[in-house]
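Trainee: After the structure tokens below, expect a handful of questions from me.
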Amino acid sequence: MYQEQVNNRERVCRWKFETWERMKKALKAYGAVLRLVRRLPKDTRPYYAKYARENFVNYREVDAADPNALNDLFNRTYTHSLWVLNKYSVDQAAADKLKEICCS
């Protein structure tokens, strides 16, 4: 009985830790996207900063315990960021940090 309780506590602590790590990853991705927005032409920055914020806010309801859903969102974040950088002829190498965060 006691061992079962200990095992349950360990599972809950591990789940909380993994969830926290995924949330930190999302915040890092958001920060990286905002840094990329600074590389865009000045007149487009407010639009893309607002767009990024709205998307991160809209997807905050995604279950942080579901690694597949989060990985899909991270991959979409990276690919969409590349698309925007290409649209404005910004070097894709600028997104290396975002790739490191999203595709790890």
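Chain identifiers are assigned as A, B, and so on, following the order in which chains appear in the structure tokens; residues are numbered from 1 within each chain, and ligands are numbered from 1 in order of appearance.
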What's around Arg22 in chain A at 7 Å? Count only C-alpha atoms, leave out sequence neighbours fewer than 4 positions away in its own chain, and write the answer as a PyMOL selection string.
Mentor: chain A and resi 18+26+64
Trainee: Could those selected residues go to a file with N, CA, C and O atoms, as an mmCIF file, in the first residue's frame?
Mentor:
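Resulting contents of part_11.cif:
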```cif
data_model
loop_
_atom_site.group_PDB
_atom_site.id
_atom_site.type_symbol
_atom_site.label_atom_id
_atom_site.label_comp_id
_atom_site.auth_asym_id
_atom_site.auth_seq_id
_atom_site.Cartn_x
_atom_site.Cartn_y
_atom_site.Cartn_z
ATOM 1 N N GLU A 18 7.529 17.136 -16.573
ATOM 2 C CA GLU A 18 7.500 17.062 -18.038
ATOM 3 C C GLU A 18 6.590 18.150 -18.615
ATOM 4 O O GLU A 18 6.916 18.758 -19.632
ATOM 5 N N ALA A 26 7.604 26.136 -24.986
ATOM 6 C CA ALA A 26 6.668 27.007 -25.707
ATOM 7 C C ALA A 26 7.034 28.477 -25.496
ATOM 8 O O ALA A 26 7.001 29.270 -26.451
ATOM 9 N N ALA A 64 -0.901 20.244 -22.512
ATOM 10 C CA ALA A 64 0.557 20.233 -22.377
ATOM 11 C C ALA A 64 1.095 18.839 -22.101
ATOM 12 O O ALA A 64 2.279 18.589 -22.261
#
```
Trainee: Could you give me, as number ranges by chain, each residue of chain A that DSSP assigns to alpha helix (DSSP H) when run on this structure's backbone?
Mentor: A: 2-37, 45-58, 67-87, 96-102
Trainee: In Å to one decimal, how far is CA of Tyr47 in chain A from CA of Asp63 in chain A?
Mentor: 27.5 Å
Trainee: Calculated over only C-alpha atoms, which of the candidates A:Tyr51, A:Trp15, A:Tyr59, A:Tyr30 has the smallest distance to Tyr78 in chain A?
Mentor: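 Result for the nearest residue to Tyr78 in chain A: A:Tyr30.
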Trainee: List as a list in words the protein and nucleic acid residues near Lys99 in chain A, meaning an atom at most 9 Å away when only C-alpha atoms are counted, but skip any in the same chain fewer than 3 places from it.
Mentor: Ala29, Asn75, Tyr78, Ala95, Asp96, Cys102, Cys103 and Ser104 of chain A
Trainee: Might you pull out every residue within 8 Å of range 33-41 of chain A, with only C-alpha atoms counted and same-chain residues fewer than 3 positions away left off, and present them as an NGL selection string?
Mentor: :A and (29-30 or 44-45 or 48-49 or 52 or 81 or 85 or 88 or 90 or 94-95 or 98)
Trainee: Write the selection just made, keeping N, CA and C atoms, as a short mmCIF file (atom, residue, chain, number, x, y, z; two decimals), in the first residue's frame?
Mentor:
```
data_model
loop_
_atom_site.label_atom_id
_atom_site.label_comp_id
_atom_site.auth_asym_id
_atom_site.auth_seq_id
_atom_site.Cartn_x
_atom_site.Cartn_y
_atom_site.Cartn_z
N ALA A 29 10.04 29.26 -27.59
CA ALA A 29 9.67 29.38 -29.00
C ALA A 29 9.03 30.73 -29.27
N TYR A 30 8.16 31.17 -28.38
CA TYR A 30 7.50 32.47 -28.54
C TYR A 30 8.53 33.60 -28.55
N THR A 44 6.13 46.02 -41.10
CA THR A 44 5.40 44.75 -40.94
C THR A 44 5.50 44.20 -39.52
N ARG A 45 6.40 44.71 -38.73
CA ARG A 45 6.64 44.14 -37.39
C ARG A 45 5.41 44.13 -36.48
N TYR A 48 3.05 41.20 -37.49
CA TYR A 48 3.52 39.84 -37.18
C TYR A 48 3.71 39.61 -35.68
N ALA A 49 4.05 40.63 -34.93
CA ALA A 49 4.13 40.48 -33.47
C ALA A 49 2.75 40.17 -32.90
N ALA A 52 1.71 36.62 -33.99
CA ALA A 52 2.38 35.59 -33.18
C ALA A 52 1.72 35.47 -31.81
N SER A 81 7.28 30.30 -39.62
CA SER A 81 8.28 31.36 -39.46
C SER A 81 9.21 31.41 -40.67
N LEU A 85 9.86 34.56 -43.21
CA LEU A 85 11.22 35.06 -43.48
C LEU A 85 11.50 35.05 -44.98
N TYR A 88 9.88 37.94 -46.96
CA TYR A 88 10.56 39.23 -46.88
C TYR A 88 12.06 39.12 -47.15
N VAL A 90 14.46 37.44 -45.81
CA VAL A 90 15.34 37.42 -44.65
C VAL A 90 16.03 36.06 -44.63
N ALA A 94 18.61 32.90 -39.75
CA ALA A 94 18.14 33.64 -38.58
C ALA A 94 17.23 32.77 -37.71
N ALA A 95 16.63 31.76 -38.31
CA ALA A 95 15.69 30.90 -37.58
C ALA A 95 16.36 29.67 -36.98
N LEU A 98 15.30 29.06 -33.41
CA LEU A 98 13.92 28.56 -33.36
C LEU A 98 13.88 27.09 -33.76
#
```
Trainee: By how many Å are CA of Leu82 in chain A and CA of Pro67 in chain A apart?
Mentor: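 Going from CA of Leu82 in chain A over to CA of Pro67 in chain A covers 22.5 Å.
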